[in-house]
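The structure under discussion appears below in the form of structure tokens.
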Amino acid sequence: MRLSSLLTSTARWGRAGFALGALALLAGCDYNFWRMDGHQSTITVAGPVARSQLEVFYVTCWVTLVIFILVGGVLAYATLKFRAKTEAEEKAIPPEQGHGNPLIELGLIGASVLALVIIAIPTLKGIWYTYDVPEDRKADTYEITATGYQWWFKFEYPSEQIAGSGALTTGNELVIPAGRPVRVNVRAIDVIHSFWVPKLAGKVDMIPNRGNFLWLQADEPGYFWGQCAEYCGDSHAVMRFRVIALSPKDFADWVAQQTSPARNVTPKPGETAKAQFASLRTFKQNESGITDKYDVAPLEAWKAKQFPEKGENAALIAQGKALFVSKTCASCHEVRGHGAAGISGPNLTHIGARSMLAAGLIENNAEQLQRWIHDPGAVKPGNKMAKGYLDNNIKLTPENEVALVAYLQSLK
Amino acid sequence: MSSHAGTIDHHHDPSTSTGIPNKKLLMWTFLASDCMFFGALISTHLIYRLHPMPDAPSPKNIFSIELTSFSTFILLMSSLMMALAVTAIQKGNLKSMRWSILTTIFFGSIFLGCQVYEFQEFVEIKKMTITNSMLGTTFFTLTGTHGTHVAIGVLWLILMYVRSFQPPEAGRNAAWFIRHAVHIAVIIGAILLAIFATLALVHTLHTGGSISAYFGGHFAMLAGLLACIAAGIFLARPNGPVNFGEANAIDVESMGLYWHFVDIVWIVIFTAVYLLEYL
Amino acid sequence: MSAPAHSAPAAHDHGHDESKFQIYVQIAMLLAVITGVEIVGIYLPFAKWIIVTCLVVLSVVKFMYVIFYFMHLRWDKPFCTIMFFIGLVLASGTTWALLELFMVKDSLPLPV
Amino acid sequence: MEAILKSDLHAKDAHAPAKSTLFWRPTAQTGLISWLTTVDHKKIGFLYGVFALFFFLVGGFEALLIRLQLMYPNGTVLTAQQYNTMFTMHGTTMIFLAVMPLSAAFFNFIMPLQIGARDVAFPRLNAFSLWTFVAGAIIINLGWFMHDGAPDGGWVGYAPLTSKTFAADHSIDMWVMGLQLLGVASIAASLNFIVTIINLRAPGMTMMRLPVFTWMTLITAFLIVLSFPFITIALVELMMDRLFGTNFFEVSNGGMPILWQHLFWVFGHPEVYILILPAMGIVSEILPTFSRKPLFGYPIVVFSGASIGFLGFSVWSHHMFTTGMGTMATAAFSLATMAIAVPTGVKIFNWIGTLWNGHISMRTPMMFALGFVWMFMIGGFSGVMHSAAPADAQQQDSYFVIAHFHYVLIGGSLFALLAGIHYWFPLMFGRKVSEFWGKLSFWVIFAGFNITFFPMHFLGLNGMPRRTFTYDANLGWNAANFIATIGALILGVGIFIYFAVMVYTFLKGEKVAKDVWDARTLEWSLPNPPPEYNYRVIPTVHARDAYWYNKQHKEEIAREEAEKAKAEAAHGGIHMPHQSIYPFVASLGLLIAAVGIAVIDHDPSPGFWGKKIGVSMIGGVVMLAGIYFWALEGNEGYHLHLDDEGHAPADKNAAKH
Ligand code: HEA
Ligand code: HEA
Ligand code: CUA
Ligand SMILES: [Cu+2]
């Protein structure tokens with residue numbers, strides 16, 4: 001084949017390739033990925049730490065973009081301009097030329113260094129700013145300890161001590177006061193995890209035997225997505241959590257509610273447990289545990305969870321409470337005030353008031369909760385609850401499950 | 001091809017672009033790489049020493065500086081003998097080289113013996129094992145790796161020593177091959193038996209046992225040792241022309257570089273791991 | 001493989017080697033003495049940093065003697081020295097950097 | 001050829017008769033034995049290439065499974081464990097079993113030719129490196145065929161996730177021992193290359209006349225011998241923890257998992273330059289050839305390569321910005337990392353300078369090389385974005401990192417290696433890939449690659465974490481993931497075309513005369529494929545682009561060669577090393593020992609050591625025996641006497657000295 005025809009044909013193929021790519025782009029246009037405002041976006045941020053990190057990113061982005069356009073422009077120009085047009089020209093040897101030009105080299109090196117200085121200055125500022133709470137805000141800082149476990153998070157509030165059982169402890173949902181700096185001490189017991197709430201701050205690793213910390217602040221009340229960002233084994237992908245920022249008043253209310261023991265629902269005399277169970281449907285592997293409505297107004301949804309469900313069946317709840325001990329749940333989970341004091345699983349004292357289950361994986365509603373306690377391993381591969389309790393050959397009957405679900409839902 | 005006796009310049013090999021013999025360059029490059037190996041190990045040890053657990057054992061109560069100083073001295077002397085061996089073969093003095101190598105082997109074995117003794121004492125008397133404390137873990141791994149280097153060096157020295165008896169046309173000489181293998185086995189046997197016999201003797205003296213009981217109890221071991229030594233002397237008797245001479249100086253020299261390197265690593269370990277603990 | 005054939009290889013200085021023997025023995029003695037000084041040194045009642053500095057310096061001296069004399073770097077092509085020092089400098093630099101990194105306050109292990 | 005004779009130190013053997021009864025001297029030129037015993041750097045290079053491409057396809061297959069799983073939210077193609085295994089093996093395979101050995105293939109095949117040598121300095125050590133690499137690759141992949149499964153600790157194997165407590169089965173053992181063997185292989189090979197480049201240059205080939213590819217080989221080899229020790233020690237420590245219960249990473253006894261990260265990345269960062277420098281070397285050969293100009297700013301390109309290598313040792317903690325190192329350390333590593341952009345930029349500028357005023361002919365290798373420059377630039381820029389630590393706090397462990405390193409690894413290393421294959425294919429096999437199919441594969445690969453990885457920048461900034469087997473539909477990641485998967489399929493098609501055409505060409509492609517590209521460096525002065533002894537007459541080098549100069553000064557060179565040929569014949573012909581089986585035996589021993597350590601159960605019941613020690617010891621003995629025979633058989637070699645046409649007599653033994 002002649003060269004020229006070759007070139008045209010390859011160019012044609014190249015164009016075809018790009019057309020195909022554009023098609024693929026179109027195919028996905030229902031979610032416009034250029035608009036980067038997802039729940040874990042690092043671009044639409046909600047706090048000063050993330051904002052300062054974003055600003056550094058923008059600087060690097062603009063500087064390199066300019067360099068790319070300049071260098072790329074010259075490269076493209078050279079490629080097109082000095083392309084051999086004919087076969088004869090291809091064979092010909094261009095006129096003898098210099099082997100380099102020190103002045104140009106030095107100039108370009110100087111320019112590169114300059115570009116790097118432009119990046120370096122905000123970088124250094126950012127490093128110091130994001131490291132710890134600024135001096136003048138220190139007094140106002142709220143302190144929290146977060147511990148990573150395979151594959152869930154424990155949050156402790158050292159400033160909220162509860163007589164007889166130490167600091168207030170919750171799991172998988174971190175509630176913070178909005179508008180105040182929060183300093184999170186991150187810890188790990190088993191393997192390395194990482195604490196990351198993209199909209200509030202970059203990540204800091206939770207490393208065994210190491211005392212890391214970070215600070216963040218939510219400007220406004222809001223509901224934020226968090227994620228373990230260091231590969232930590234089977235279920236790393238679904239080791240998630242949520243951060244809920246509340247106005248000072250809401251936060252105080254929340255603390256007051258949380259520090260009280262688990263809610264007790266006493267059956268009226270003669271009330272019977274209605275075996276009203278939605279028979280468990282089978283779930284597909286990795287089936288999503290969230291409904292479409294879920295993230296329309298997550299903060300409101302979360303707030304709604306703080307109040308008792310309608311139509312509670314007190315007798316059923318009492319049954320569930322008994323099962324919680326007899327089926328060994330209590331050996332791993334704490335339900336403060338209900339005689340359950342296990343520590344190897346998340347604290348469930350107020351589990352009914354959380355919006356998500358199993359470390360941010362599935363929505364906290366009756367169906368998903370039943371799905372979880374029925375077979376945790378099918379929801380979250382390899383997790384320790386499946387190993388701990390299903391391996392003990394504890395089988396829950398559907399009736400058991402419904403009672404436990406009702407009980408857990410009642411723990412507001 | 002001729003052997004150019006007397007005209008080999010050991011600092012210049014005209015067949016290479018730089019004049020440095022290939023084997024020497026290989027060895028120096030390898031040693032640069034080995035620096036990084038020991039750099040990683042020593043870093044690990046020092047990092048953990050600087051951040052000990054609160055109940056970590058104190059090396060001061062475990063180390064015995066007298067023994068370590070002695071073995072350090074021994075290793076330095078072995079380095080001297082190694083250097084002499086290289087000079088000897090560069091002058092074509094085969095006999096002198098053999099004696100120097102034997103002495104190097106001897107000193108190297110003493111060093112290894114000391115280390116075996118030290119490890120044994122740490123484990124059995126000081127109760128520091130490789131698993132029960134971080135100090136044990138890093139200490140045994142670091143000095144053990146060094147000891148392995150020494151052991152490899154000793155093995156290499158033995159092979160080189162025996163190689164120096166190789167007759168010409170060895171490729172067709174199966175009898176020689178067997179003699180060669182026996183020779184190596186005999187020397188290794190002698191070293192192992194000597195180390196264990198000595199350790200047993202030290203043990204006897206420590207525990208106040210009687211010398212005659214020692215001889216009685218370890219008769220077979222001592223007899224084996226004597227037999228090995230006798231066999232070693234027998235196999236080393238002059239036996240016709242050999243294919244080993246000035247041209248092999250580069251092999252001996254490369255081996256020497258390795259050996260000296262093991263020595264300088266010990267210089268660093270001696271200071272960083274032992275001496276600094278006493279401050 | 002062949003470099004420009006150098007005319008007669010530089011005459012081998014056998015005379016030199018006699019003195020080499022002397023040098024080697026002397027250096028070995030010196031090394032032994034330094035080791036002795038080091039061992040005594042750790043018991044001297046000086047400030048810790050003085051002793052540490054002295055120990056480091058003495059070890060470096062020993063180190064250099066071994067590589068430059070026993071390992072003949074002194075007589076070899078400088079390229080061998082460069083080669084080895086690349087590894088040596090990188091290894092020491094990395095070790096130093098690692099020790100520094102672990103000394104930073106943030107890096108201290110948690111108290112038990 | 002006095003020089004060669006002198007390098008042969010077995011002086012006495014000069015008079016020895018041919019037959020050795022003790023050592024097997026294989027002479028097979030074809031068949032299995034010839035491949036197992038070869039010490040010819042070209043055959044070894046070819047084998048490296050074949051293994052590397054095989055593993056590239058395996059790694060690519062794993063990548064496709066990854067992409068299929070992530071095509072839609074809540075994907076069900078793989079289970080979580082399978083997915084974790086997949087990216088671990090994908091990363092490990094691509095880096096250690098595909099790109100590194102493919103570079104090694106070029107080091108082996110091309111570098112000795114470029115410096116005018118007849119082989120590497122230690123041919124048998126070279127064979128040992130090859131087979132040890134193969135042994136390591138086998139160990140790493142053994143898990144696929146075993147109950148324990150393949151390793152799943154990520155390619156960085158962070159402790160304590162890889163410790164016995166959290167990974168009780170043997171899969172991590174295989175990963176550790178496999179990497180350990182690969183380390184041995186890489187270090188041995190690199191020592192060999194360093195000595196070869198420093199010591200075996202043809203007369204006149206000064207260091208500042210070395211082709212840039214050879215320079216980059218040298219620098220890469222240095223990086224390997226200086227950085228692999230750190231991972232070796234890290235792996236030793238991990239293995240001691242796993243086998244003997246030591247405490248290096250055992251938190252309850254004061255172990256610090258962060259130490260693993262430091263040891264790994266002290267190796268890991270130089271490693272990424274180990275992957276890119278050979279690629280840069282290849283591109284620095286191709287651009288001048290197809291611009292028909294010498295490389296612009298040769299000294300500064302060489303020097304910047306060296307400074308990249310050197311600086312590469314001082315930036316490792318940029319992979320650990322989120323581990324809480326404190327402000328000073330973070331700032332220092334941040335700045336040091338940025339500094340690397342300068343020498344890298346210098347290379348880019350000089351490549352453009354090379355194109356400037358040239359007569360650029362757009363052949364397939366040139367397309368890939370230009371693709372490299374573009375894609376590597378993009379990857380480098382996202383690297384610079386990472387180097388700003390505060391920004392990296394958001395990017396670390398997100399798909400932004402995945403985008404960054406695939407741009408430098410595929411758009412960078414792989415494009416250049418694919419370019420190199422096209423470029424040197426005519427020299428290696430005497431056939432040339434058709435321009436049409438070459439360019440077609442380029443465009444499909446180029447488009448597929450960008451469609452796959454460009455969206456990943458957005459995924460990362462939009463908060464998608466890496467190493468996740470599933471994601472929910474409500475996070476705004478669906479479109480980008482879908483597009484990336486489509487891109488990966490296109491990329492797969494491109495790769496398929498590339499290899500299909502390559503295999504076709506190898507078998508029936510168009511035959512070409514020597515020096516198809518009118519190239520500049522010495523290897524092109526050889527007939528294709530090059531004869532076993534490479535150069536009939538060791539060339540004398542007069543200029544930087546040695547062969548270019550020779551083509552310009554034909555008579556002078558012809559005269560010179562004739563004289564040298566006569567001198568060489570007078571000295572007993574061309575010295576060739578013997579084939580040998582012992583390097584293979586030594587590697588086999590390593591393989592057996594590693595299987596013993598990694599795979600056999602540590603069963604304490606029958607005697608303390610169980611069977612583990614037995615297998616390991618057998619391996620050790622086989623290895624020692626291999627080395628011992630290897631040392632004893634000697635390296636005397638034999639001589640080839642060429643007739644006037646350059647044919648060697650059929651019976652090699654007859655040519656013995
Ligand atoms: C071929 C391999 C390769 C190469 C060449 C590079 C090159 C670079 N890399 Fe990359 N990197 C990887 C492979 C590579 N990287 C891999 C595999 C990982 C992930 C590992 C893992 O976690 O699994 C990684 C991760 C990684 C991180 C950690 C990210 C994280 O996990 O948080 C960082 C951080 O700084 C980084 C930075 C850089 C920089 C600054 C360069 C520079 O060398 C780039 C320099 C080039 C240019 C800048 C372009 C050209 C220059 C100019 C045109 C001049 C003018 C430019 C300026 C002045 C800006 N890389
Ligand atoms: C040089 C190195 C290299 C190369 C070339 C590639 C090539 C590719 N890689 Fe990757 N990749 C890494 C190095 C590399 N990678 C590393 C180091 C990691 C990190 C691992 C970790 O986190 O630990 C990673 C991780 C990684 C991830 C992230 C996984 C995660 O974090 O969850 C993804 C996701 O898309 C990905 C995709 C791809 C794709 C689509 C290709 C494509 O370019 C592949 C193209 C090739 C083909 C498509 C093959 C075509 C062949 C056929 C179709 C024939 C198949 C048949 C047979 C097997 C006979 N890679
Ligand atoms: Cu925890 Cu990932
Ligand atoms: Cu890096």
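FYI, nothing fancy with the structure tokens labels: chains A, B, ... in order, residues from 1 per chain, ligands from 1 as they appear.
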Write out as number ranges by chain each polymer residue (protein, DNA or RNA) that has an atom no more than 7 Å from ligand 2, with only C-alpha atoms and all ligand atoms counted.
D: 56-61, 63-64, 66-67, 87-88, 90-92, 94-95, 98-99, 154-156, 402, 406, 409-410, 414, 449, 452, 466-469, 488-489, 491-493, 495-496
What residues in chain B have any atom no more than 9 Å from chain D when counting only C-alpha atoms, and can you write them as a ChimeraX atom specification?
/B:1-4,13-23,25-27,29-30,32-41,44,47-48,51-53,130-134,136-138,141,163,168-174,177,243-244,247-248
Write out as a list in words all residues of segment 191-229 of chain A that DSSP puts in strand (DSSP E) for this structure's backbone.
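Assigned to strand (DSSP E), within segment 191-229 of chain A: His193, Ser194, Phe195, Trp196, Val197, Ala201, Gly202, Lys203, Val204, Asp205, Met206, Asn212, Phe213, Leu214, Trp215, Leu216, Gly222, Tyr223, Phe224, Trp225, Gly226, Gln227 and Cys228 of chain A.
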Please produce an output containing N, CA, C and O atoms for each residue in the selection, written as a PDB file, in the first residue's frame.
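What landed in out_28.pdb:
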```pdb
ATOM      1  N   HIS A 193      -6.492   1.456  58.506  1.00  0.00           N
ATOM      2  CA  HIS A 193      -7.657   2.012  57.822  1.00  0.00           C
ATOM      3  C   HIS A 193      -7.379   3.485  57.582  1.00  0.00           C
ATOM      4  O   HIS A 193      -6.316   3.983  57.940  1.00  0.00           O
ATOM      5  N   SER A 194      -8.338   4.156  56.967  1.00  0.00           N
ATOM      6  CA  SER A 194      -8.127   5.580  56.764  1.00  0.00           C
ATOM      7  C   SER A 194      -9.453   6.310  56.877  1.00  0.00           C
ATOM      8  O   SER A 194     -10.482   5.821  56.408  1.00  0.00           O
ATOM      9  N   PHE A 195      -9.413   7.464  57.518  1.00  0.00           N
ATOM     10  CA  PHE A 195     -10.630   8.218  57.810  1.00  0.00           C
ATOM     11  C   PHE A 195     -10.774   9.313  56.772  1.00  0.00           C
ATOM     12  O   PHE A 195      -9.937  10.200  56.682  1.00  0.00           O
ATOM     13  N   TRP A 196     -11.847   9.233  55.976  1.00  0.00           N
ATOM     14  CA  TRP A 196     -11.966  10.180  54.869  1.00  0.00           C
ATOM     15  C   TRP A 196     -13.408  10.642  54.697  1.00  0.00           C
ATOM     16  O   TRP A 196     -14.292   9.832  54.437  1.00  0.00           O
ATOM     17  N   VAL A 197     -13.614  11.930  54.862  1.00  0.00           N
ATOM     18  CA  VAL A 197     -14.917  12.542  54.563  1.00  0.00           C
ATOM     19  C   VAL A 197     -14.636  13.601  53.510  1.00  0.00           C
ATOM     20  O   VAL A 197     -14.334  14.744  53.834  1.00  0.00           O
ATOM     21  N   ALA A 201     -12.737  17.046  54.706  1.00  0.00           N
ATOM     22  CA  ALA A 201     -11.274  17.066  54.819  1.00  0.00           C
ATOM     23  C   ALA A 201     -10.683  15.873  54.115  1.00  0.00           C
ATOM     24  O   ALA A 201     -11.337  14.845  53.948  1.00  0.00           O
ATOM     25  N   GLY A 202      -9.437  16.014  53.737  1.00  0.00           N
ATOM     26  CA  GLY A 202      -8.698  14.888  53.169  1.00  0.00           C
ATOM     27  C   GLY A 202      -8.510  13.821  54.233  1.00  0.00           C
ATOM     28  O   GLY A 202      -8.814  14.016  55.400  1.00  0.00           O
ATOM     29  N   LYS A 203      -7.972  12.685  53.776  1.00  0.00           N
ATOM     30  CA  LYS A 203      -7.923  11.538  54.675  1.00  0.00           C
ATOM     31  C   LYS A 203      -6.689  11.537  55.562  1.00  0.00           C
ATOM     32  O   LYS A 203      -5.669  12.171  55.244  1.00  0.00           O
ATOM     33  N   VAL A 204      -6.813  10.863  56.686  1.00  0.00           N
ATOM     34  CA  VAL A 204      -5.647  10.554  57.493  1.00  0.00           C
ATOM     35  C   VAL A 204      -5.752   9.094  57.896  1.00  0.00           C
ATOM     36  O   VAL A 204      -6.820   8.617  58.244  1.00  0.00           O
ATOM     37  N   ASP A 205      -4.619   8.391  57.806  1.00  0.00           N
ATOM     38  CA  ASP A 205      -4.647   6.952  58.039  1.00  0.00           C
ATOM     39  C   ASP A 205      -4.791   6.632  59.518  1.00  0.00           C
ATOM     40  O   ASP A 205      -4.241   7.317  60.373  1.00  0.00           O
ATOM     41  N   MET A 206      -5.518   5.534  59.769  1.00  0.00           N
ATOM     42  CA  MET A 206      -5.659   5.007  61.121  1.00  0.00           C
ATOM     43  C   MET A 206      -4.707   3.833  61.202  1.00  0.00           C
ATOM     44  O   MET A 206      -4.941   2.799  60.569  1.00  0.00           O
ATOM     45  N   ASN A 212      -2.318   9.158  65.176  1.00  0.00           N
ATOM     46  CA  ASN A 212      -2.642  10.190  64.184  1.00  0.00           C
ATOM     47  C   ASN A 212      -3.891  10.983  64.556  1.00  0.00           C
ATOM     48  O   ASN A 212      -4.704  10.545  65.360  1.00  0.00           O
ATOM     49  N   PHE A 213      -4.015  12.128  63.933  1.00  0.00           N
ATOM     50  CA  PHE A 213      -5.218  12.937  64.140  1.00  0.00           C
ATOM     51  C   PHE A 213      -5.438  13.801  62.920  1.00  0.00           C
ATOM     52  O   PHE A 213      -4.563  13.930  62.065  1.00  0.00           O
ATOM     53  N   LEU A 214      -6.628  14.388  62.821  1.00  0.00           N
ATOM     54  CA  LEU A 214      -6.876  15.380  61.782  1.00  0.00           C
ATOM     55  C   LEU A 214      -7.909  16.363  62.318  1.00  0.00           C
ATOM     56  O   LEU A 214      -8.479  16.155  63.394  1.00  0.00           O
ATOM     57  N   TRP A 215      -8.083  17.426  61.601  1.00  0.00           N
ATOM     58  CA  TRP A 215      -9.178  18.301  62.007  1.00  0.00           C
ATOM     59  C   TRP A 215     -10.044  18.607  60.817  1.00  0.00           C
ATOM     60  O   TRP A 215      -9.616  18.559  59.669  1.00  0.00           O
ATOM     61  N   LEU A 216     -11.312  18.885  61.121  1.00  0.00           N
ATOM     62  CA  LEU A 216     -12.242  19.228  60.054  1.00  0.00           C
ATOM     63  C   LEU A 216     -13.328  20.104  60.663  1.00  0.00           C
ATOM     64  O   LEU A 216     -13.435  20.239  61.877  1.00  0.00           O
ATOM     65  N   GLY A 222     -25.339  19.384  58.045  1.00  0.00           N
ATOM     66  CA  GLY A 222     -25.402  18.613  56.803  1.00  0.00           C
ATOM     67  C   GLY A 222     -25.130  17.142  57.062  1.00  0.00           C
ATOM     68  O   GLY A 222     -24.818  16.732  58.194  1.00  0.00           O
ATOM     69  N   TYR A 223     -25.270  16.378  55.999  1.00  0.00           N
ATOM     70  CA  TYR A 223     -25.121  14.926  56.068  1.00  0.00           C
ATOM     71  C   TYR A 223     -24.025  14.553  55.072  1.00  0.00           C
ATOM     72  O   TYR A 223     -24.154  14.837  53.888  1.00  0.00           O
ATOM     73  N   PHE A 224     -22.941  13.965  55.558  1.00  0.00           N
ATOM     74  CA  PHE A 224     -21.775  13.759  54.698  1.00  0.00           C
ATOM     75  C   PHE A 224     -21.383  12.294  54.615  1.00  0.00           C
ATOM     76  O   PHE A 224     -21.523  11.557  55.578  1.00  0.00           O
ATOM     77  N   TRP A 225     -20.865  11.952  53.463  1.00  0.00           N
ATOM     78  CA  TRP A 225     -20.461  10.572  53.203  1.00  0.00           C
ATOM     79  C   TRP A 225     -18.975  10.394  53.563  1.00  0.00           C
ATOM     80  O   TRP A 225     -18.146  11.219  53.191  1.00  0.00           O
ATOM     81  N   GLY A 226     -18.688   9.318  54.247  1.00  0.00           N
ATOM     82  CA  GLY A 226     -17.291   9.023  54.569  1.00  0.00           C
ATOM     83  C   GLY A 226     -16.939   7.621  54.120  1.00  0.00           C
ATOM     84  O   GLY A 226     -17.815   6.809  53.837  1.00  0.00           O
ATOM     85  N   GLN A 227     -15.655   7.323  54.056  1.00  0.00           N
ATOM     86  CA  GLN A 227     -15.229   6.050  53.473  1.00  0.00           C
ATOM     87  C   GLN A 227     -13.861   5.687  54.032  1.00  0.00           C
ATOM     88  O   GLN A 227     -13.012   6.553  54.195  1.00  0.00           O
ATOM     89  N   CYS A 228     -13.670   4.422  54.313  1.00  0.00           N
ATOM     90  CA  CYS A 228     -12.324   3.980  54.654  1.00  0.00           C
ATOM     91  C   CYS A 228     -11.500   4.015  53.373  1.00  0.00           C
ATOM     92  O   CYS A 228     -11.902   3.473  52.356  1.00  0.00           O
TER      93      CYS A 228
END
```
Using only C-alpha atoms and a cut-off of 8 Å, which residues of chain C sit close to chain A? Please list them as an MDAnalysis selection string.
chainID C and resid 106:110
At a cut-off of 7 Å and counting only C-alpha atoms and all ligand atoms, what residues surround ligand 1? Please answer as an mmCIF file with C-alpha atoms, in the first residue's frame.
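What follows is the written file out34.cif:
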```cif
data_model
loop_
_atom_site.group_PDB
_atom_site.id
_atom_site.type_symbol
_atom_site.label_atom_id
_atom_site.label_comp_id
_atom_site.auth_asym_id
_atom_site.auth_seq_id
_atom_site.Cartn_x
_atom_site.Cartn_y
_atom_site.Cartn_z
ATOM 1 C CA THR A 64 -0.012 22.296 34.794
ATOM 2 C CA ILE A 67 2.225 24.235 30.816
ATOM 3 C CA PHE A 68 0.414 21.469 28.998
ATOM 4 C CA VAL A 71 4.369 22.457 25.669
ATOM 5 C CA SER A 112 9.867 25.031 35.200
ATOM 6 C CA VAL A 113 11.342 25.974 38.552
ATOM 7 C CA ALA A 115 6.105 27.122 37.840
ATOM 8 C CA LEU A 116 6.961 24.817 40.695
ATOM 9 C CA TRP D 155 0.597 -4.922 45.208
ATOM 10 C CA VAL D 156 2.069 -2.934 48.094
ATOM 11 C CA VAL D 272 8.465 3.439 39.193
ATOM 12 C CA TYR D 273 11.493 5.070 37.633
ATOM 13 C CA LEU D 275 9.658 1.264 34.847
ATOM 14 C CA ILE D 276 9.900 4.585 33.035
ATOM 15 C CA HIS D 318 5.060 11.063 48.888
ATOM 16 C CA HIS D 319 3.162 7.781 48.912
ATOM 17 C CA MET D 320 2.657 8.316 52.620
ATOM 18 C CA PHE D 321 1.394 11.872 52.828
ATOM 19 C CA SER D 334 6.459 17.441 48.850
ATOM 20 C CA THR D 337 8.855 15.366 44.651
ATOM 21 C CA MET D 338 8.113 18.528 42.745
ATOM 22 C CA ILE D 340 11.648 15.745 39.874
ATOM 23 C CA ALA D 341 9.415 17.520 37.401
ATOM 24 C CA VAL D 342 12.400 19.615 36.316
ATOM 25 C CA THR D 344 11.705 15.133 33.500
ATOM 26 C CA GLY D 345 10.611 18.303 31.780
ATOM 27 C CA VAL D 346 14.100 18.694 30.383
ATOM 28 C CA ILE D 348 10.369 16.418 27.123
ATOM 29 C CA PHE D 376 3.453 10.694 29.740
ATOM 30 C CA MET D 377 3.137 14.438 29.995
ATOM 31 C CA ILE D 378 -0.438 14.116 31.195
ATOM 32 C CA GLY D 379 0.554 11.420 33.669
ATOM 33 C CA GLY D 380 3.437 13.541 34.874
ATOM 34 C CA PHE D 381 1.170 16.497 35.461
ATOM 35 C CA GLY D 383 1.920 13.316 39.437
ATOM 36 C CA VAL D 384 2.745 16.926 40.160
ATOM 37 C CA HIS D 386 -0.166 14.521 43.846
ATOM 38 C CA SER D 387 3.051 16.038 44.979
ATOM 39 C CA ALA D 388 1.161 18.960 46.511
ATOM 40 C CA ASP D 392 -3.004 14.644 47.718
ATOM 41 C CA ALA D 393 -4.827 14.226 51.023
ATOM 42 C CA GLN D 395 -6.471 12.159 46.025
ATOM 43 C CA GLN D 396 -4.523 9.469 47.802
ATOM 44 C CA ASP D 397 -6.111 6.038 47.398
ATOM 45 C CA VAL D 401 -4.066 7.917 41.632
ATOM 46 C CA ILE D 402 -5.217 5.094 39.378
ATOM 47 C CA HIS D 404 -2.110 9.095 37.303
ATOM 48 C CA PHE D 405 -0.186 5.917 37.287
ATOM 49 C CA VAL D 408 2.604 7.055 33.251
ATOM 50 C CA LEU D 409 2.608 3.258 33.153
ATOM 51 C CA GLY D 412 4.379 6.030 29.409
ATOM 52 C CA SER D 413 6.179 2.741 29.872
#
```
Using only C-alpha atoms, determine which residues lie at most 12 Å from Val40 of chain C, disregarding the query and same-chain residues fewer than 5 positions distant; provide the list as a list in words.
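Answer for this query is Ile65, Glu66, Ser69, Leu275, Tyr278 and Leu279 of chain B; Val33, Ile34, Thr35, Pro45, Phe46, Ile51, Cys54 and Leu55 of chain C.
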Find the residues near Ala223 of chain B: any atom within 12 Å, counting only C-alpha atoms, skip ones fewer than 6 places away on the same chain, and give them as a PyMOL selection string.
chain B and resi 189-190+193-194+197+215-217+229-230
Using only C-alpha atoms, determine which residues lie at most 10 Å from Leu201 of chain B, disregarding the query and same-chain residues fewer than 5 positions distant; provide the list as a PyMOL selection string.
chain B and resi 195-196+206-207+209-211+214-215+218
Step by step, measure atom-to-atom distances between ligand 3 and each residue using only C-alpha atoms and all ligand atoms, keep those at most 8 Å, then write them as a list of chain:residue names.
A:Gly148, A:Tyr149, A:Gln150, A:Trp151, A:Trp152, A:Val191, A:Ile192, A:His193, A:Ser194, A:Gln227, A:Cys228, A:Ala229, A:Glu230, A:Tyr231, A:Cys232, A:Gly233, A:Ser235, A:His236, A:Ala237, A:Met239
For Leu58 of chain C, please output as a ChimeraX atom specification all residues within 10 Å (counting only C-alpha atoms; exclusion window: fewer than 5 positions along the same chain).
/B:267,271 /C:31,34-35,37-38,52-53,63-64
